[in-house]
Amino acid sequence: MSSRWEAALERLRGRVERTATAPLSGFPHFADPEEGSWTCSPAGDWTGGFWNGMLWLSAATTAHAPFRSWAQEWTRKLLPRVHSDTVFRGFLFYYGAALGDLLLGDPVGREVGLAGAQALAESFNPVAGVLPLGNEAEEASDVGRSEANVDTVQSSALLSWAARLLGDERLAQIARQHALRHIEFCLRPDGSVCQSASFDPATGALRRWYTHKGIRDDSTWGRAQAWGMVGWALAYQWEREARLLAAAEAAADWWIAHRPDDYVAFWDFDDPAIPHTNRDTSATAIAAASLLKLAGLTADRDRAARYRAEAEATVAALIEGYLTPDGRLLAGCYNKRIGLATNHELIWGSYYLYEALHVLAGALEPNRI
Ligand code: GLY
């Protein structure tokens with residue numbers, strides 16, 4: 001079985017190496033499915049960290065020397081983003097820098113990651129218990145100090161990592177509060193996830209539930225469900241607060257109960273056009289990586305076995321149906337509402353498939369990052 005995962009890993013690793021040696025105008029963001037040519041983001045948008053994360057994983061698990069210098073080089077390119085007013089610095093500086101410290105004890109990863117984490121913590125609203133989206137958040141609408149979404153729960157992991165390195169309990173408290181408040185904002189009683197919420201920044205009171213990228217405010221956008229799974233699982237991995245594990249398990253159980261029989265989610269679980277609509281392999285890859293984390297975190301052995309089996313079947317479906325021989329994960333749906341990259345290779349989908357394959361191939365302990 002392991003050779004199957006290793007073969008898929010090799011395909012993705014080849015794509016990473018070819019991308020690293022190609023002339024790029026910025027961080028690889030998404031690529032067209034026919035030619036595989038990258039649309040790049042000069043400053044990293046919200047996704048640049050996933051590219052760095054693939055380089056850090058490659059550096060940690062192969063003897064190929066250039067991966068580490070490429071990872072350091074791209075990590076330094078995140079420094080201009082330290083003070084960007086966006087909560088998505090969580091993605092940029094955890095995957096894009098902190099992974100270097102976590103996987104290799106790398107000083108560049110540590111310094112850049114800590115700079116990002118400390119600056120992000122300054123945006124915390126203690127009354128609301130939230131890191132708000134911020135005025136420069138990379139969403140097409142509804143950003144600022146009064147907006148939140150489940151995509152940002154993962155930011156807690158960056159602050160928890162920094163808290164541990166610096167011995168700064170305040171950062172750990174922010175991490176816990178941010179992840180816990182999003183349970184109230186985004187987790188519905190049945191375990192499905194609502195992407196977004198508005199709140200009063202002066203009192204912290206919840207004002208409305210809605211979506212940035214789903215089909216309707218009351219639908220379940222595929223990536224919202226997956227971001228909830230990974231965000232709360234990671235927050236529990238770092239902070240060991242039982243409510244975080246319960247939230248991650250509720251979201252995971254809902255995913256398993258509602259995903260299609262062939263394991264690969266449609267872009268929104270409530271699109272009436274299903275099955276004649278887009279898949280989102282990126283949501284599916286996030287879910288698979290989350291299930292592997294949860295299998296290592298849950299205390300219940302049956303549940304752990306169920307999550308592991310589901311993750312294996314999901315990754316198998318992705319590599320059999322959507323991974324090209326040259327390592328491109330197709331059929332990711334970035335933003336169906338505005339028609340952006342709806343059937344593409346998306347760097348974050350590739351990252352989470354790469355992470356999951358490292359775990360399945362035995363090259364990475366699931367709760368290390
Ligand atoms: N906001 C992150 C995403 O589109 O998934």
# chains A, B, ... in the order shown; residues from 1 in each chain; ligands from 1

$ residues_near_ligand --ligand "ligand 1" --cutoff "9 Å" --atoms "only C-alpha atoms and all ligand atoms" --output "number ranges by chain"
A: 46-47, 88, 137-139, 149-152, 212-213, 223-224, 227, 282-283, 334-335, 348

$ write_last_selection --atoms "C-alpha atoms" --output "PDB file, in the first residue's frame"
ATOM      1  CA  TRP A  46      -3.556  34.379   1.047  1.00  0.00           C
ATOM      2  CA  THR A  47      -1.978  31.315  -0.563  1.00  0.00           C
ATOM      3  CA  PHE A  88      -4.874  35.211   6.452  1.00  0.00           C
ATOM      4  CA  ALA A 137      -8.318  40.289   3.815  1.00  0.00           C
ATOM      5  CA  GLU A 138      -8.356  38.449   0.491  1.00  0.00           C
ATOM      6  CA  GLU A 139     -12.127  38.050   0.163  1.00  0.00           C
ATOM      7  CA  ASN A 149     -14.977  33.416   8.757  1.00  0.00           C
ATOM      8  CA  VAL A 150     -14.127  29.802   9.462  1.00  0.00           C
ATOM      9  CA  ASP A 151     -11.296  29.860   6.913  1.00  0.00           C
ATOM     10  CA  THR A 152      -9.316  31.772   9.566  1.00  0.00           C
ATOM     11  CA  HIS A 212     -18.305  34.725   1.338  1.00  0.00           C
ATOM     12  CA  LYS A 213     -18.002  31.939  -1.238  1.00  0.00           C
ATOM     13  CA  ARG A 223     -14.298  24.523   1.855  1.00  0.00           C
ATOM     14  CA  ALA A 224     -16.074  26.013   4.886  1.00  0.00           C
ATOM     15  CA  TRP A 227     -11.548  24.707   6.958  1.00  0.00           C
ATOM     16  CA  SER A 282      -9.040  21.371  -2.666  1.00  0.00           C
ATOM     17  CA  ALA A 283     -11.830  21.087  -0.071  1.00  0.00           C
ATOM     18  CA  TYR A 334     -11.556  28.592  -6.108  1.00  0.00           C
ATOM     19  CA  ASN A 335     -14.541  30.948  -6.354  1.00  0.00           C
ATOM     20  CA  TRP A 348      -3.580  24.939  -1.294  1.00  0.00           C
TER      21      TRP A 348
END

$ closest_atom_pairs --of "range 252-369 of chain A" --to "range 179-198 of chain A" --cutoff "12 Å" --atoms "only C-alpha atoms" --output "CSV"
residue,atom,partner,partner_atom,distance
A:Ala252,CA,A:Gly191,CA,8.0
A:Asp253,CA,A:Gly191,CA,7.4
A:Trp254,CA,A:Gly191,CA,5.5
A:Trp255,CA,A:Ser192,CA,7.8
A:Ile256,CA,A:Gly191,CA,10.9
A:Ala257,CA,A:Gly191,CA,10.2
A:His258,CA,A:Ser192,CA,9.5
A:Arg259,CA,A:Ser192,CA,11.8
A:Asp268,CA,A:Gln195,CA,11.3
A:Phe269,CA,A:Ser192,CA,10.0
A:Asp270,CA,A:Ser192,CA,11.5

$ write_last_selection --atoms "N, CA and C atoms" --output "PDB file, in the first residue's frame"
ATOM      1  N   ALA A 252     -16.133  16.813  11.084  1.00  0.00           N
ATOM      2  CA  ALA A 252     -15.646  15.651  10.325  1.00  0.00           C
ATOM      3  C   ALA A 252     -16.768  14.618  10.132  1.00  0.00           C
ATOM      4  N   ASP A 253     -17.541  14.399  11.185  1.00  0.00           N
ATOM      5  CA  ASP A 253     -18.625  13.411  11.070  1.00  0.00           C
ATOM      6  C   ASP A 253     -19.655  13.869  10.042  1.00  0.00           C
ATOM      7  N   TRP A 254     -19.930  15.180  10.028  1.00  0.00           N
ATOM      8  CA  TRP A 254     -20.889  15.706   9.032  1.00  0.00           C
ATOM      9  C   TRP A 254     -20.324  15.507   7.628  1.00  0.00           C
ATOM     10  N   TRP A 255     -19.028  15.794   7.464  1.00  0.00           N
ATOM     11  CA  TRP A 255     -18.403  15.610   6.135  1.00  0.00           C
ATOM     12  C   TRP A 255     -18.585  14.162   5.670  1.00  0.00           C
ATOM     13  N   ILE A 256     -18.257  13.231   6.555  1.00  0.00           N
ATOM     14  CA  ILE A 256     -18.305  11.810   6.175  1.00  0.00           C
ATOM     15  C   ILE A 256     -19.746  11.398   5.825  1.00  0.00           C
ATOM     16  N   ALA A 257     -20.710  11.928   6.556  1.00  0.00           N
ATOM     17  CA  ALA A 257     -22.108  11.561   6.317  1.00  0.00           C
ATOM     18  C   ALA A 257     -22.675  12.184   5.037  1.00  0.00           C
ATOM     19  N   HIS A 258     -22.059  13.258   4.549  1.00  0.00           N
ATOM     20  CA  HIS A 258     -22.664  13.998   3.425  1.00  0.00           C
ATOM     21  C   HIS A 258     -21.840  14.014   2.139  1.00  0.00           C
ATOM     22  N   ARG A 259     -20.593  13.544   2.196  1.00  0.00           N
ATOM     23  CA  ARG A 259     -19.784  13.595   0.961  1.00  0.00           C
ATOM     24  C   ARG A 259     -20.350  12.595  -0.048  1.00  0.00           C
ATOM     25  N   ASP A 268     -20.157  23.120  -3.376  1.00  0.00           N
ATOM     26  CA  ASP A 268     -21.080  23.467  -2.288  1.00  0.00           C
ATOM     27  C   ASP A 268     -22.019  22.270  -2.141  1.00  0.00           C
ATOM     28  N   PHE A 269     -22.190  21.796  -0.908  1.00  0.00           N
ATOM     29  CA  PHE A 269     -23.014  20.605  -0.686  1.00  0.00           C
ATOM     30  C   PHE A 269     -24.466  20.841  -1.084  1.00  0.00           C
ATOM     31  N   ASP A 270     -24.876  22.106  -1.203  1.00  0.00           N
ATOM     32  CA  ASP A 270     -26.283  22.411  -1.474  1.00  0.00           C
ATOM     33  C   ASP A 270     -26.536  22.974  -2.867  1.00  0.00           C
TER      34      ASP A 270
END

$ select_by_dssp --residues "range 95-319 of chain A" --states "alpha helix (DSSP H)" --output "number ranges by chain"
A: 99-104, 107-121, 155-166, 169-186, 222-239, 242-258, 281-297, 301-319

$ closest_residue --among "A:Ala242, A:Leu329, A:Val264, A:Ala226" --to "Thr298 in chain A" --atoms "only C-alpha atoms"
A:Ala242

$ residues_around --residues "Gly105 in chain A" --least-positions-apart "5" --cutoff "12 Å" --atoms "only C-alpha atoms" --output "list in words"
Trp56, Ala59, Ala60, Arg68, Ala97, Ala98, Leu99, Gly100, Arg110, Glu111, Gly113 and Leu165 of chain A

$ select_by_dssp --residues "range 126-205 of chain A" --states "strand (DSSP E or B)" --output "list of chain:residue names"
A:Val130, A:Gly134, A:Gly144, A:Glu147, A:Ala148, A:Asn149, A:Leu187, A:Val193, A:Ser196, A:Ala197, A:Ser198, A:Phe199

$ write_last_selection --atoms "N, CA and C atoms" --output "JSON list (two decimals), in the first residue's frame"
[["chain", "number", "residue", "atom", "x", "y", "z"],
["A", 130, "VAL", "N", -11.69, 37.59, 18.99],
["A", 130, "VAL", "CA", -11.54, 37.22, 17.58],
["A", 130, "VAL", "C", -10.40, 38.00, 16.93],
["A", 134, "GLY", "N", -9.92, 41.72, 8.87],
["A", 134, "GLY", "CA", -9.00, 42.81, 8.56],
["A", 134, "GLY", "C", -9.36, 43.47, 7.24],
["A", 144, "GLY", "N", -12.93, 43.50, 7.01],
["A", 144, "GLY", "CA", -12.80, 44.56, 8.00],
["A", 144, "GLY", "C", -12.83, 44.06, 9.42],
["A", 147, "GLU", "N", -15.84, 41.48, 10.70],
["A", 147, "GLU", "CA", -16.14, 40.27, 9.92],
["A", 147, "GLU", "C", -15.22, 39.11, 10.31],
["A", 148, "ALA", "N", -15.79, 37.92, 10.23],
["A", 148, "ALA", "CA", -15.04, 36.71, 10.60],
["A", 148, "ALA", "C", -15.43, 35.60, 9.64],
["A", 149, "ASN", "N", -14.53, 34.65, 9.42],
["A", 149, "ASN", "CA", -14.98, 33.42, 8.76],
["A", 149, "ASN", "C", -14.14, 32.22, 9.18],
["A", 187, "LEU", "N", -20.18, 26.90, 13.63],
["A", 187, "LEU", "CA", -20.58, 25.49, 13.67],
["A", 187, "LEU", "C", -22.08, 25.39, 13.97],
["A", 193, "VAL", "N", -21.04, 23.49, 8.68],
["A", 193, "VAL", "CA", -20.32, 24.73, 8.97],
["A", 193, "VAL", "C", -20.85, 25.86, 8.09],
["A", 196, "SER", "N", -19.32, 32.29, 7.36],
["A", 196, "SER", "CA", -18.95, 33.65, 7.77],
["A", 196, "SER", "C", -19.92, 34.24, 8.79],
["A", 197, "ALA", "N", -19.42, 35.20, 9.56],
["A", 197, "ALA", "CA", -20.25, 35.88, 10.56],
["A", 197, "ALA", "C", -19.82, 37.33, 10.67],
["A", 198, "SER", "N", -20.79, 38.21, 10.97],
["A", 198, "SER", "CA", -20.49, 39.60, 11.32],
["A", 198, "SER", "C", -20.73, 39.76, 12.80],
["A", 199, "PHE", "N", -19.95, 40.63, 13.42],
["A", 199, "PHE", "CA", -20.13, 40.89, 14.85],
["A", 199, "PHE", "C", -19.91, 42.38, 15.11]]

$ atom_distance --atom1 "CA of Ala71 in chain A" --atom2 "CA of Val112 in chain A"
11.9 Å

$ residues_around --residues "range 14-20 of chain A" --least-positions-apart "6" --cutoff "12 Å" --atoms "only C-alpha atoms" --output "ChimeraX atom specification"
/A:7-8,26-31,36-40,50-59,62,64-71,73-74,323-329,345,347,350-351,354

$ residues_around --residues "range 285-295 of chain A" --least-positions-apart "2" --cutoff "7 Å" --atoms "only C-alpha atoms" --output "short mmCIF file (atom, residue, chain, number, x, y, z; two decimals) with N, CA and C atoms, in the first residue's frame"
data_model
loop_
_atom_site.label_atom_id
_atom_site.label_comp_id
_atom_site.auth_asym_id
_atom_site.auth_seq_id
_atom_site.Cartn_x
_atom_site.Cartn_y
_atom_site.Cartn_z
N ALA A 226 -14.44 22.03 5.33
CA ALA A 226 -13.06 21.53 5.44
C ALA A 226 -12.19 22.45 6.28
N MET A 229 -12.84 21.75 9.84
CA MET A 229 -12.19 20.49 10.27
C MET A 229 -10.72 20.73 10.58
N VAL A 230 -10.01 21.35 9.65
CA VAL A 230 -8.56 21.49 9.88
C VAL A 230 -8.27 22.54 10.95
N ALA A 233 -9.15 21.06 14.41
CA ALA A 233 -8.23 19.95 14.71
C ALA A 233 -6.85 20.48 15.08
N THR A 281 -11.67 19.67 -5.44
CA THR A 281 -10.65 18.75 -4.91
C THR A 281 -9.85 19.40 -3.79
N SER A 282 -9.81 20.74 -3.75
CA SER A 282 -9.04 21.37 -2.67
C SER A 282 -9.76 21.18 -1.34
N ALA A 283 -11.08 21.35 -1.31
CA ALA A 283 -11.83 21.09 -0.07
C ALA A 283 -11.62 19.63 0.35
N LEU A 297 -5.57 12.23 17.06
CA LEU A 297 -5.91 13.05 18.23
C LEU A 297 -7.04 12.47 19.07
N THR A 298 -8.00 11.82 18.40
CA THR A 298 -9.18 11.36 19.13
C THR A 298 -8.81 10.22 20.09
N ALA A 304 -11.00 6.72 15.56
CA ALA A 304 -9.69 6.92 14.92
C ALA A 304 -9.55 6.03 13.68
N ALA A 305 -9.99 4.78 13.80
CA ALA A 305 -9.88 3.84 12.67
C ALA A 305 -10.79 4.29 11.53
N TYR A 307 -11.74 7.40 10.88
CA TYR A 307 -11.15 8.59 10.23
C TYR A 307 -9.99 8.21 9.32
N ARG A 308 -9.17 7.27 9.78
CA ARG A 308 -8.02 6.86 8.98
C ARG A 308 -8.50 6.18 7.68
N ALA A 311 -9.89 8.76 5.35
CA ALA A 311 -8.80 9.56 4.75
C ALA A 311 -8.12 8.76 3.63
N THR A 314 -10.33 8.66 0.61
CA THR A 314 -10.43 9.99 0.00
C THR A 314 -9.17 10.32 -0.81
N VAL A 315 -8.02 10.06 -0.23
CA VAL A 315 -6.78 10.33 -0.96
C VAL A 315 -6.67 9.42 -2.18
N GLY A 349 -4.85 23.17 -2.43
CA GLY A 349 -5.32 21.79 -2.58
C GLY A 349 -4.11 20.86 -2.73
N TYR A 352 -2.34 20.33 0.72
CA TYR A 352 -2.95 19.40 1.68
C TYR A 352 -2.90 17.96 1.18
N LEU A 353 -2.98 17.76 -0.14
CA LEU A 353 -2.80 16.39 -0.64
C LEU A 353 -1.37 15.94 -0.37
N GLU A 355 0.64 16.97 2.02
CA GLU A 355 0.78 16.69 3.46
C GLU A 355 0.18 15.31 3.78
N ALA A 356 -1.03 15.07 3.28
CA ALA A 356 -1.70 13.79 3.57
C ALA A 356 -0.89 12.62 3.03
N PRO A 366 1.39 12.56 11.80
CA PRO A 366 0.25 13.42 11.43
C PRO A 366 0.06 14.64 12.33
N ASN A 367 0.54 14.59 13.57
CA ASN A 367 0.30 15.72 14.46
C ASN A 367 1.58 16.53 14.72
#

$ residues_around --residues "Asp271 in chain A" --least-positions-apart "3" --cutoff "10 Å" --atoms "only C-alpha atoms" --output "number ranges by chain"
A: 214-216, 219-221, 266-268, 274-278

$ closest_residue --among "A:Ala316, A:Leu103, A:Leu340, A:Ile369" --to "Trp5 in chain A" --atoms "only C-alpha atoms"
A:Ala316

$ closest_residue --among "A:Ser141, A:Gln237, A:Gln173, A:Thr61" --to "Gln154 in chain A" --atoms "only C-alpha atoms"
A:Gln237

$ decode --residues "range 6-54 of chain A" --atoms "C-alpha atoms" --output "short mmCIF file (atom, residue, chain, number, x, y, z; two decimals), in the first residue's frame"
data_model
loop_
_atom_site.label_atom_id
_atom_site.label_comp_id
_atom_site.auth_asym_id
_atom_site.auth_seq_id
_atom_site.Cartn_x
_atom_site.Cartn_y
_atom_site.Cartn_z
CA GLU A 6 4.94 7.03 -2.42
CA ALA A 7 4.32 6.92 -6.16
CA ALA A 8 1.72 9.70 -5.87
CA LEU A 9 4.06 11.65 -3.60
CA GLU A 10 6.79 11.42 -6.26
CA ARG A 11 4.40 12.85 -8.85
CA LEU A 12 3.61 15.84 -6.67
CA ARG A 13 7.25 16.29 -5.68
CA GLY A 14 8.20 16.42 -9.35
CA ARG A 15 5.65 19.19 -9.88
CA VAL A 16 7.13 21.11 -6.94
CA GLU A 17 10.64 20.82 -8.35
CA ARG A 18 9.60 21.87 -11.84
CA THR A 19 7.69 24.84 -10.42
CA ALA A 20 10.66 25.85 -8.26
CA THR A 21 12.94 25.97 -11.29
CA ALA A 22 10.45 27.72 -13.61
CA PRO A 23 10.49 31.48 -14.19
CA LEU A 24 7.65 32.72 -11.93
CA SER A 25 6.31 36.24 -11.49
CA GLY A 26 5.42 35.58 -7.84
CA PHE A 27 4.05 32.82 -5.61
CA PRO A 28 2.20 30.08 -7.56
CA HIS A 29 -1.51 30.63 -6.85
CA PHE A 30 -3.53 28.53 -9.34
CA ALA A 31 -2.82 26.90 -12.70
CA ASP A 32 -4.91 26.24 -15.77
CA PRO A 33 -5.81 22.59 -16.20
CA GLU A 34 -4.65 22.24 -19.82
CA GLU A 35 -1.15 23.70 -19.84
CA GLY A 36 -0.45 23.83 -16.11
CA SER A 37 0.75 27.41 -16.41
CA TRP A 38 0.66 29.28 -13.12
CA THR A 39 -1.17 32.45 -12.30
CA CYS A 40 1.10 33.96 -9.66
CA SER A 41 0.57 36.40 -6.82
CA PRO A 42 3.49 38.85 -6.49
CA ALA A 43 3.11 39.21 -2.70
CA GLY A 44 1.58 35.84 -1.84
CA ASP A 45 -2.13 36.78 -1.62
CA TRP A 46 -3.56 34.38 1.05
CA THR A 47 -1.98 31.31 -0.56
CA GLY A 48 1.77 31.90 -0.83
CA GLY A 49 2.45 30.01 2.39
CA PHE A 50 1.13 26.80 0.88
CA TRP A 51 3.81 26.95 -1.81
CA ASN A 52 6.48 27.47 0.84
CA GLY A 53 4.93 24.65 2.86
CA MET A 54 5.41 22.25 -0.06
#
